[in-house]
Structure formats: structure tokens, C-alpha cells
$ cat coords-v5.pdb   # PDB, C-alpha atoms, pLDDT in the B column
ATOM      1  CA  MET A  27      19.193  32.134 -16.889  1.00 42.00           C
ATOM      2  CA  SER A  28      15.548  31.888 -17.933  1.00 44.00           C
ATOM      3  CA  ASP A  29      13.287  29.003 -16.875  1.00 48.00           C
ATOM      4  CA  ALA A  30      11.298  29.361 -20.103  1.00 45.00           C
ATOM      5  CA  PRO A  31      11.503  26.312 -22.368  1.00 45.00           C
ATOM      6  CA  ARG A  32      13.376  26.826 -25.590  1.00 46.00           C
ATOM      7  CA  GLU A  33      13.219  24.978 -28.857  1.00 48.00           C
ATOM      8  CA  ASP A  34      16.665  23.844 -29.897  1.00 48.00           C
ATOM      9  CA  MET A  35      17.336  22.141 -33.208  1.00 56.00           C
ATOM     10  CA  ASN A  36      20.499  20.493 -31.822  1.00 72.00           C
ATOM     11  CA  VAL A  37      18.716  18.837 -28.904  1.00 83.00           C
ATOM     12  CA  SER A  38      18.043  15.115 -29.015  1.00 93.00           C
ATOM     13  CA  VAL A  39      15.634  13.193 -26.782  1.00 95.00           C
ATOM     14  CA  GLY A  40      17.111  12.610 -23.347  1.00 93.00           C
ATOM     15  CA  ASP A  41      17.026  13.920 -19.794  1.00 91.00           C
ATOM     16  CA  GLY A  42      16.007  17.556 -19.718  1.00 90.00           C
ATOM     17  CA  THR A  43      13.880  17.501 -22.861  1.00 95.00           C
ATOM     18  CA  ARG A  44      10.192  18.048 -23.485  1.00 96.00           C
ATOM     19  CA  VAL A  45       9.082  15.918 -26.417  1.00 97.00           C
ATOM     20  CA  PHE A  46       6.204  16.763 -28.766  1.00 97.00           C
ATOM     21  CA  LEU A  47       5.159  13.664 -30.704  1.00 97.00           C
ATOM     22  CA  ASN A  48       2.513  11.617 -32.417  1.00 98.00           C
ATOM     23  CA  PHE A  49       2.412   7.906 -31.700  1.00 97.00           C
ATOM     24  CA  SER A  50       0.527   4.711 -32.235  1.00 97.00           C
ATOM     25  CA  LEU A  51       0.520   1.476 -30.269  1.00 97.00           C
ATOM     26  CA  ALA A  52      -0.379  -1.823 -31.900  1.00 97.00           C
ATOM     27  CA  ILE A  53      -0.040  -5.454 -30.846  1.00 96.00           C
ATOM     28  CA  GLU A  54       1.953  -8.106 -32.693  1.00 93.00           C
ATOM     29  CA  ASP A  55      -0.718  -8.808 -35.307  1.00 93.00           C
ATOM     30  CA  GLY A  56      -0.862  -5.117 -36.223  1.00 92.00           C
ATOM     31  CA  ALA A  57      -4.186  -4.406 -34.471  1.00 94.00           C
ATOM     32  CA  GLU A  58      -4.018  -0.777 -33.376  1.00 96.00           C
ATOM     33  CA  VAL A  59      -4.654  -0.139 -29.686  1.00 95.00           C
ATOM     34  CA  ASP A  60      -4.166   3.625 -29.512  1.00 95.00           C
ATOM     35  CA  SER A  61      -3.038   6.414 -31.816  1.00 97.00           C
ATOM     36  CA  ASN A  62      -2.956  10.168 -31.998  1.00 96.00           C
ATOM     37  CA  PHE A  63      -1.710  10.371 -35.588  1.00 97.00           C
ATOM     38  CA  GLY A  64      -4.028  12.713 -37.445  1.00 95.00           C
ATOM     39  CA  GLY A  65      -4.454  14.776 -34.284  1.00 95.00           C
ATOM     40  CA  GLU A  66      -2.459  17.195 -32.200  1.00 96.00           C
ATOM     41  CA  ALA A  67       0.947  16.095 -30.942  1.00 97.00           C
ATOM     42  CA  VAL A  68       1.142  15.254 -27.245  1.00 96.00           C
ATOM     43  CA  SER A  69       3.982  16.462 -25.069  1.00 96.00           C
ATOM     44  CA  PHE A  70       5.754  15.261 -21.959  1.00 95.00           C
ATOM     45  CA  ALA A  71       9.104  15.764 -20.256  1.00 94.00           C
ATOM     46  CA  ILE A  72      11.484  12.818 -20.233  1.00 94.00           C
ATOM     47  CA  GLY A  73      11.470  11.326 -16.737  1.00 91.00           C
ATOM     48  CA  ASP A  74       8.139  12.827 -15.628  1.00 92.00           C
ATOM     49  CA  GLY A  75       6.421   9.414 -15.488  1.00 90.00           C
ATOM     50  CA  SER A  76       4.042  10.081 -18.383  1.00 91.00           C
ATOM     51  CA  LEU A  77       5.535   7.296 -20.480  1.00 91.00           C
ATOM     52  CA  LEU A  78       6.673   3.841 -19.382  1.00 92.00           C
ATOM     53  CA  PRO A  79      10.492   3.704 -19.077  1.00 93.00           C
ATOM     54  CA  GLY A  80      10.729   0.991 -21.751  1.00 94.00           C
ATOM     55  CA  PHE A  81       9.100   3.336 -24.260  1.00 95.00           C
ATOM     56  CA  GLU A  82      11.078   6.386 -23.095  1.00 95.00           C
ATOM     57  CA  ARG A  83      14.404   4.570 -23.556  1.00 95.00           C
ATOM     58  CA  ARG A  84      13.598   3.904 -27.199  1.00 97.00           C
ATOM     59  CA  LEU A  85      13.134   7.611 -27.857  1.00 97.00           C
ATOM     60  CA  THR A  86      16.584   8.498 -26.482  1.00 96.00           C
ATOM     61  CA  GLY A  87      18.726  10.125 -29.140  1.00 96.00           C
ATOM     62  CA  MET A  88      15.900  10.806 -31.583  1.00 97.00           C
ATOM     63  CA  GLN A  89      15.666  14.308 -33.024  1.00 96.00           C
ATOM     64  CA  ALA A  90      12.865  16.552 -34.262  1.00 96.00           C
ATOM     65  CA  GLY A  91      11.541  15.333 -37.599  1.00 96.00           C
ATOM     66  CA  GLU A  92      12.439  11.659 -37.024  1.00 97.00           C
ATOM     67  CA  ARG A  93       9.925   8.828 -37.215  1.00 98.00           C
ATOM     68  CA  LYS A  94      10.691   5.288 -36.059  1.00 98.00           C
ATOM     69  CA  LEU A  95       8.869   2.031 -35.441  1.00 97.00           C
ATOM     70  CA  PHE A  96       9.974   0.018 -32.414  1.00 97.00           C
ATOM     71  CA  GLN A  97       9.067  -3.482 -31.241  1.00 97.00           C
ATOM     72  CA  VAL A  98       8.779  -3.286 -27.463  1.00 97.00           C
ATOM     73  CA  PRO A  99       8.801  -6.687 -25.708  1.00 97.00           C
ATOM     74  CA  PRO A 100       6.378  -7.297 -22.824  1.00 97.00           C
ATOM     75  CA  GLU A 101       9.139  -6.871 -20.224  1.00 96.00           C
ATOM     76  CA  ASP A 102       9.703  -3.274 -21.413  1.00 96.00           C
ATOM     77  CA  ALA A 103       6.024  -2.550 -22.023  1.00 96.00           C
ATOM     78  CA  PHE A 104       3.118  -3.813 -19.896  1.00 95.00           C
ATOM     79  CA  GLY A 105       4.795  -6.898 -18.418  1.00 95.00           C
ATOM     80  CA  GLN A 106       3.845 -10.538 -18.500  1.00 97.00           C
ATOM     81  CA  PRO A 107       0.476 -11.706 -17.202  1.00 96.00           C
ATOM     82  CA  ASN A 108       0.636 -12.745 -13.554  1.00 96.00           C
ATOM     83  CA  GLU A 109      -1.702 -15.549 -12.467  1.00 95.00           C
ATOM     84  CA  ASN A 110      -1.936 -13.911  -9.032  1.00 95.00           C
ATOM     85  CA  ASN A 111      -3.742 -11.026 -10.731  1.00 95.00           C
ATOM     86  CA  VAL A 112      -6.651 -13.324 -11.633  1.00 97.00           C
ATOM     87  CA  GLN A 113      -9.076 -13.321  -8.721  1.00 95.00           C
ATOM     88  CA  ARG A 114     -12.343 -15.070  -7.949  1.00 95.00           C
ATOM     89  CA  VAL A 115     -14.867 -12.870  -6.192  1.00 92.00           C
ATOM     90  CA  PRO A 116     -18.288 -13.853  -4.816  1.00 94.00           C
ATOM     91  CA  ARG A 117     -21.145 -13.254  -7.260  1.00 92.00           C
ATOM     92  CA  LYS A 118     -23.145 -11.746  -4.393  1.00 90.00           C
ATOM     93  CA  GLY A 119     -20.707  -8.800  -4.415  1.00 85.00           C
ATOM     94  CA  PHE A 120     -22.351  -7.646  -7.645  1.00 86.00           C
ATOM     95  CA  ASP A 121     -25.783  -6.019  -7.682  1.00 84.00           C
ATOM     96  CA  ASP A 122     -28.487  -8.472  -8.851  1.00 80.00           C
ATOM     97  CA  GLU A 123     -29.456  -6.020 -11.603  1.00 83.00           C
ATOM     98  CA  PHE A 124     -25.856  -5.830 -12.850  1.00 84.00           C
ATOM     99  CA  GLU A 125     -25.523  -7.753 -16.129  1.00 89.00           C
ATOM    100  CA  LEU A 126     -22.254  -9.634 -16.255  1.00 92.00           C
ATOM    101  CA  GLU A 127     -20.692 -10.515 -19.587  1.00 94.00           C
ATOM    102  CA  LEU A 128     -17.336 -11.863 -20.678  1.00 95.00           C
ATOM    103  CA  GLY A 129     -14.878  -9.085 -21.452  1.00 93.00           C
ATOM    104  CA  LEU A 130     -16.706  -6.538 -19.297  1.00 93.00           C
ATOM    105  CA  VAL A 131     -14.293  -4.186 -17.537  1.00 92.00           C
ATOM    106  CA  CYS A 132     -15.354  -3.234 -14.015  1.00 91.00           C
ATOM    107  CA  SER A 133     -13.798  -0.898 -11.486  1.00 89.00           C
ATOM    108  CA  PHE A 134     -12.909  -2.283  -8.065  1.00 87.00           C
ATOM    109  CA  ALA A 135     -11.596  -0.539  -4.957  1.00 86.00           C
ATOM    110  CA  ASP A 136      -7.992  -1.444  -4.163  1.00 82.00           C
ATOM    111  CA  ALA A 137      -6.446  -1.672  -0.690  1.00 82.00           C
ATOM    112  CA  ALA A 138      -5.310   1.959  -0.843  1.00 86.00           C
ATOM    113  CA  GLY A 139      -8.809   3.198  -1.661  1.00 84.00           C
ATOM    114  CA  GLY A 140      -8.053   3.804  -5.331  1.00 86.00           C
ATOM    115  CA  GLU A 141      -9.738   2.235  -8.316  1.00 90.00           C
ATOM    116  CA  LEU A 142      -8.460  -0.863 -10.072  1.00 90.00           C
ATOM    117  CA  PRO A 143      -9.930  -2.021 -13.384  1.00 92.00           C
ATOM    118  CA  GLY A 144     -10.518  -5.735 -13.890  1.00 94.00           C
ATOM    119  CA  MET A 145     -11.947  -7.728 -16.790  1.00 95.00           C
ATOM    120  CA  VAL A 146     -14.585 -10.416 -16.270  1.00 96.00           C
ATOM    121  CA  ILE A 147     -13.208 -13.613 -17.813  1.00 96.00           C
ATOM    122  CA  ALA A 148     -15.674 -16.139 -16.340  1.00 96.00           C
ATOM    123  CA  PHE A 149     -18.725 -16.236 -14.090  1.00 95.00           C
ATOM    124  CA  ASP A 150     -21.433 -18.509 -12.779  1.00 94.00           C
ATOM    125  CA  GLU A 151     -24.145 -18.243 -10.130  1.00 91.00           C
ATOM    126  CA  THR A 152     -21.685 -18.250  -7.210  1.00 94.00           C
ATOM    127  CA  GLU A 153     -18.483 -16.521  -8.342  1.00 96.00           C
ATOM    128  CA  VAL A 154     -16.970 -14.161 -10.879  1.00 96.00           C
ATOM    129  CA  THR A 155     -13.415 -14.558 -12.177  1.00 97.00           C
ATOM    130  CA  VAL A 156     -11.749 -11.193 -12.757  1.00 96.00           C
ATOM    131  CA  ASP A 157      -8.418 -10.588 -14.498  1.00 97.00           C
ATOM    132  CA  PHE A 158      -6.597  -7.563 -13.079  1.00 95.00           C
ATOM    133  CA  ASN A 159      -3.621  -7.891 -15.455  1.00 95.00           C
ATOM    134  CA  HIS A 160      -3.133  -4.969 -17.842  1.00 93.00           C
ATOM    135  CA  PRO A 161      -4.993  -5.835 -21.077  1.00 90.00           C
ATOM    136  CA  LEU A 162      -1.717  -5.508 -23.025  1.00 94.00           C
ATOM    137  CA  ALA A 163       0.310  -7.702 -20.638  1.00 95.00           C
ATOM    138  CA  GLY A 164       2.165 -10.417 -22.530  1.00 96.00           C
ATOM    139  CA  HIS A 165       2.075  -8.549 -25.844  1.00 96.00           C
ATOM    140  CA  THR A 166       4.962  -7.190 -27.857  1.00 97.00           C
ATOM    141  CA  ILE A 167       3.941  -3.631 -28.681  1.00 97.00           C
ATOM    142  CA  LEU A 168       4.616  -1.991 -32.029  1.00 97.00           C
ATOM    143  CA  PHE A 169       5.428   1.604 -31.051  1.00 97.00           C
ATOM    144  CA  ASP A 170       5.329   3.999 -34.007  1.00 98.00           C
ATOM    145  CA  VAL A 171       6.529   7.458 -33.049  1.00 98.00           C
ATOM    146  CA  GLN A 172       7.144  10.718 -34.873  1.00 98.00           C
ATOM    147  CA  ILE A 173       9.028  13.483 -33.049  1.00 97.00           C
ATOM    148  CA  HIS A 174       7.826  16.940 -34.052  1.00 97.00           C
ATOM    149  CA  ARG A 175       9.626  19.243 -31.672  1.00 96.00           C
ATOM    150  CA  LEU A 176      11.962  19.148 -28.677  1.00 96.00           C
ATOM    151  CA  GLU A 177      12.473  21.747 -25.987  1.00 95.00           C
ATOM    152  CA  ALA A 178      15.111  21.899 -23.283  1.00 91.00           C
ATOM    153  CA  VAL A 179      13.465  21.955 -19.841  1.00 84.00           C
ATOM    154  CA  GLU A 180      14.544  21.798 -16.237  1.00 73.00           C
ATOM    155  CA  LEU A 181      12.829  19.220 -14.036  1.00 61.00           C
ATOM    156  CA  HIS A 182      12.408  20.267 -10.447  1.00 59.00           C
TER     157      HIS A 182
END
$ encode --input "coords-v5.pdb" --output "C-alpha cells"
Amino acid sequence: MSDAPREDMNVSVGDGTRVFLNFSLAIEDGAEVDSNFGGEAVSFAIGDGSLLPGFERRLTGMQAGERKLFQVPPEDAFGQPNENNVQRVPRKGFDDEFELELGLVCSFADAAGGELPGMVIAFDETEVTVDFNHPLAGHTILFDVQIHRLEAVELH
């Protein structure tokens, strides 16, 4: 048996499939957040962690050539905002030359040594309030997806 992927017209989205698609994400009011329509399709294997499970589940059963629009509630998308993710940090932790402004996204080191983005939501001379919630937390996402091609794959 060959490990090479194969296109199969009878395959539907599920475990063991590589999906080639175009998509767009918008929030409730229709404001588009991201889209690759008009560009090359992206691909990923179901279950490889490329797509949040709440989005992956909605693709299950779709076939090549299908296009659907889904409303994905916050619990299946980017979660609800958590007040514990809003932190106050000393202003002195920022370089004096660094210009703070509301809505500015900064990168902070997390406990594991990785980077964590946070948005400045308030500041004064002594402290800066940073929101580490995902910017789309609390939003219902309009997920528009068009499946172009499916391939059967084996995940190892």
C-alpha cells in the first residue's frame, strides 16, 4: 500500500483527510478578520492541530466543491474573554522611548520562555493595563468555507 496521498471524489471531510480550501472569518457584524478567497487554497490534515476543533467539526462530512457559511459561537471558536487575562504591569517595564497607545499589540515573554501577545487597553504614568485575551474572544465567528479538493492521508 502506498503512502502517497490520493485524491478521491468519494471522500468527505473527516479523520484521515487532507483538505484544500478557501475560507474567510468575520465577526458578527460582518467585518472580515481574515480571508484567503481570491488566493491559493490552503491545506491541512484533519486532526493535525492547524485548525481549532470547533472549526474542524463543522467541516466534517463536506465534500469537494461544497461551500458553506457557519456561525461558530465563542465557545467553539476563540473562547470567552477571561478577566484574569487582563494584567497591570509597571510602566517602568517599558523603555522610556517606547510610545504607548491604546490598541497597541506588544509581545511579552511567558513563563515558558515563549512569546505572548497582549493589547494595551489603558495606561498612565505608573502602570499599563494589557489584555492577553485573544482579540476574537467573545465573538461569534462567521466561517465561510469552500472545499476544493480532498485527499486521503495517513496521520502518523
$ resolve_selection --input "coords-v5.pdb" --expression "the PyMOL selection byres ((chain A and resi 166) around 9)" --output "ChimeraX atom specification"
/A:52-54,97-104,162-165,167-168
$ residues_near_point --input "coords-v5.pdb" --point "(-0.6, 12.8, -25.6)" --cutoff "12 Å" --atoms "only C-alpha atoms" --output "NGL selection string"
:A and (45-50 or 60-63 or 65-71 or 76-77 or 171)
$ closest_residue --input "coords-v5.pdb" --among "A:Gly144, A:Gly56, A:Gly87, A:Gly139" --to "Asp170 in chain A" --atoms "all atoms listed in the file"
A:Gly56
$ atom_distance --input "coords-v5.pdb" --atom1 "CA of Phe124 in chain A" --atom2 "CA of Ile147 in chain A"
15.7 Å
$ atom_distance --input "coords-v5.pdb" --atom1 "CA of Lys118 in chain A" --atom2 "CA of Cys132 in chain A"
15.0 Å
$ atom_distance --input "coords-v5.pdb" --atom1 "CA of Phe134 in chain A" --atom2 "CA of Gly119 in chain A"
10.8 Å
$ resolve_selection --input "coords-v5.pdb" --expression "the PyMOL selection byres ((chain A and resi 43) around 6)" --output "compact mmCIF listing (two decimals) with C-alpha atoms, keeping the file's coordinate frame"
# COMPACT_ATOMS: atom_id res chain seq x y z
CA GLY A 40 17.11 12.61 -23.35
CA ASP A 41 17.03 13.92 -19.79
CA GLY A 42 16.01 17.56 -19.72
CA ARG A 44 10.19 18.05 -23.48
CA ALA A 71 9.10 15.76 -20.26
CA ILE A 72 11.48 12.82 -20.23
CA GLU A 177 12.47 21.75 -25.99
CA ALA A 178 15.11 21.90 -23.28
CA VAL A 179 13.46 21.96 -19.84
$ residues_around --input "coords-v5.pdb" --residues "Asp150 in chain A" --least-positions-apart "5" --cutoff "10 Å" --atoms "all atoms listed in the file" --output "VMD selection string"
chain A and resid 116 to 117 126 155
$ closest_residue --input "coords-v5.pdb" --among "A:His174, A:Gly129, A:Val115, A:Gln106" --to "Glu151 in chain A" --atoms "only C-alpha atoms"
A:Val115
$ closest_residue --input "coords-v5.pdb" --among "A:Leu176, A:Asp157, A:Thr152, A:Gly105" --to "Met88 in chain A" --atoms "only C-alpha atoms"
A:Leu176
$ axis_aligned_box --input "coords-v5.pdb" --around "range 86-95 of chain A" --padding-each-side "3 Å" --output "JSON"
{"center_x": 13.8, "center_y": 9.3, "center_z": -32.0, "size_x": 15.9, "size_y": 20.5, "size_z": 17.1}
$ residues_around --input "coords-v5.pdb" --residues "Glu127 in chain A" --least-positions-apart "4" --cutoff "9 Å" --atoms "all atoms listed in the file" --output "VMD selection string"
chain A and resid 146 to 149
$ closest_residue --input "coords-v5.pdb" --among "A:Glu141, A:Glu153, A:Arg114, A:Arg175" --to "Asn36 in chain A" --atoms "only C-alpha atoms"
A:Arg175
$ closest_residue --input "coords-v5.pdb" --among "A:Asp121, A:Asp136, A:Glu109, A:Glu92" --to "Gln172 in chain A" --atoms "all atoms listed in the file"
A:Glu92
$ closest_residue --input "coords-v5.pdb" --among "A:Leu142, A:Leu51, A:Val112, A:Ala90" --to "Ile173 in chain A" --atoms "all atoms listed in the file"
A:Ala90
$ decode --input "coords-v5.pdb" --residues "range 77-109 of chain A" --atoms "N, CA, C and O atoms" --output "short mmCIF file (atom, residue, chain, number, x, y, z; two decimals), in the first residue's frame"
data_model
loop_
_atom_site.label_atom_id
_atom_site.label_comp_id
_atom_site.auth_asym_id
_atom_site.auth_seq_id
_atom_site.Cartn_x
_atom_site.Cartn_y
_atom_site.Cartn_z
N LEU A 77 -6.20 23.75 12.65
CA LEU A 77 -7.49 24.44 12.76
C LEU A 77 -8.09 24.12 14.12
O LEU A 77 -7.99 22.99 14.59
N LEU A 78 -8.71 25.12 14.75
CA LEU A 78 -9.37 24.87 16.03
C LEU A 78 -10.43 23.78 15.88
O LEU A 78 -11.13 23.73 14.86
N PRO A 79 -10.56 22.89 16.87
CA PRO A 79 -11.52 21.79 16.77
C PRO A 79 -12.94 22.23 16.45
O PRO A 79 -13.65 21.55 15.71
N GLY A 80 -13.37 23.38 16.98
CA GLY A 80 -14.73 23.86 16.71
C GLY A 80 -14.95 24.19 15.24
O GLY A 80 -16.07 24.09 14.74
N PHE A 81 -13.90 24.59 14.55
CA PHE A 81 -14.00 24.85 13.11
C PHE A 81 -13.91 23.53 12.34
O PHE A 81 -14.66 23.31 11.40
N GLU A 82 -12.98 22.66 12.76
CA GLU A 82 -12.82 21.36 12.10
C GLU A 82 -14.12 20.57 12.11
O GLU A 82 -14.49 19.98 11.10
N ARG A 83 -14.80 20.54 13.26
CA ARG A 83 -16.05 19.77 13.38
C ARG A 83 -17.08 20.20 12.35
O ARG A 83 -17.85 19.39 11.84
N ARG A 84 -17.12 21.49 12.05
CA ARG A 84 -18.11 21.99 11.10
C ARG A 84 -17.82 21.55 9.67
O ARG A 84 -18.71 21.52 8.84
N LEU A 85 -16.59 21.20 9.39
CA LEU A 85 -16.23 20.74 8.05
C LEU A 85 -16.57 19.27 7.83
O LEU A 85 -16.69 18.83 6.68
N THR A 86 -16.73 18.52 8.92
CA THR A 86 -16.96 17.08 8.83
C THR A 86 -18.15 16.78 7.91
O THR A 86 -19.22 17.37 8.05
N GLY A 87 -17.89 15.90 6.96
CA GLY A 87 -18.94 15.47 6.04
C GLY A 87 -19.02 16.28 4.76
O GLY A 87 -19.68 15.87 3.80
N MET A 88 -18.35 17.43 4.72
CA MET A 88 -18.37 18.23 3.49
C MET A 88 -17.57 17.50 2.41
O MET A 88 -16.69 16.70 2.70
N GLN A 89 -17.88 17.80 1.16
CA GLN A 89 -17.20 17.17 0.04
C GLN A 89 -16.61 18.23 -0.88
O GLN A 89 -16.99 19.41 -0.81
N ALA A 90 -15.69 17.81 -1.74
CA ALA A 90 -15.07 18.72 -2.70
C ALA A 90 -16.16 19.42 -3.51
O ALA A 90 -17.14 18.80 -3.91
N GLY A 91 -15.98 20.72 -3.68
CA GLY A 91 -16.94 21.52 -4.44
C GLY A 91 -17.98 22.21 -3.57
O GLY A 91 -18.66 23.12 -4.04
N GLU A 92 -18.11 21.81 -2.30
CA GLU A 92 -19.11 22.43 -1.42
C GLU A 92 -18.61 23.73 -0.84
O GLU A 92 -17.42 23.89 -0.55
N ARG A 93 -19.55 24.66 -0.63
CA ARG A 93 -19.27 25.90 0.08
C ARG A 93 -20.37 26.11 1.11
O ARG A 93 -21.55 25.95 0.81
N LYS A 94 -19.97 26.44 2.33
CA LYS A 94 -20.94 26.65 3.41
C LYS A 94 -20.51 27.83 4.27
O LYS A 94 -19.32 28.15 4.36
N LEU A 95 -21.49 28.44 4.91
CA LEU A 95 -21.25 29.51 5.87
C LEU A 95 -21.75 29.01 7.23
O LEU A 95 -22.90 28.58 7.35
N PHE A 96 -20.86 29.05 8.21
CA PHE A 96 -21.18 28.59 9.56
C PHE A 96 -21.11 29.75 10.53
O PHE A 96 -20.26 30.63 10.38
N GLN A 97 -21.97 29.74 11.55
CA GLN A 97 -21.84 30.65 12.69
C GLN A 97 -21.22 29.82 13.80
O GLN A 97 -21.80 28.84 14.25
N VAL A 98 -20.02 30.24 14.24
CA VAL A 98 -19.30 29.49 15.26
C VAL A 98 -19.33 30.31 16.55
O VAL A 98 -18.76 31.40 16.61
N PRO A 99 -20.02 29.81 17.60
CA PRO A 99 -20.10 30.56 18.85
C PRO A 99 -18.74 30.64 19.53
O PRO A 99 -17.85 29.82 19.26
N PRO A 100 -18.56 31.62 20.41
CA PRO A 100 -17.27 31.81 21.08
C PRO A 100 -16.71 30.53 21.71
O PRO A 100 -15.51 30.28 21.63
N GLU A 101 -17.58 29.71 22.30
CA GLU A 101 -17.12 28.50 22.98
C GLU A 101 -16.45 27.52 22.01
O GLU A 101 -15.61 26.72 22.42
N ASP A 102 -16.82 27.56 20.75
CA ASP A 102 -16.22 26.67 19.74
C ASP A 102 -15.16 27.39 18.91
O ASP A 102 -14.55 26.79 18.03
N ALA A 103 -14.97 28.68 19.17
CA ALA A 103 -14.02 29.46 18.39
C ALA A 103 -12.86 29.88 19.30
O ALA A 103 -12.03 29.06 19.66
N PHE A 104 -12.84 31.14 19.71
CA PHE A 104 -11.71 31.68 20.47
C PHE A 104 -12.02 31.89 21.95
O PHE A 104 -11.25 32.53 22.65
N GLY A 105 -13.13 31.32 22.40
CA GLY A 105 -13.48 31.36 23.82
C GLY A 105 -14.08 32.69 24.26
O GLY A 105 -14.24 33.62 23.47
N GLN A 106 -14.42 32.73 25.52
CA GLN A 106 -14.94 33.96 26.13
C GLN A 106 -13.77 34.71 26.76
O GLN A 106 -12.80 34.09 27.20
N PRO A 107 -13.86 36.04 26.81
CA PRO A 107 -12.80 36.78 27.49
C PRO A 107 -12.71 36.35 28.96
O PRO A 107 -13.73 36.06 29.58
N ASN A 108 -11.50 36.30 29.47
CA ASN A 108 -11.27 35.92 30.86
C ASN A 108 -10.63 37.12 31.55
O ASN A 108 -9.56 37.58 31.14
N GLU A 109 -11.28 37.61 32.60
CA GLU A 109 -10.75 38.80 33.29
C GLU A 109 -9.36 38.57 33.88
O GLU A 109 -8.59 39.50 34.06
#
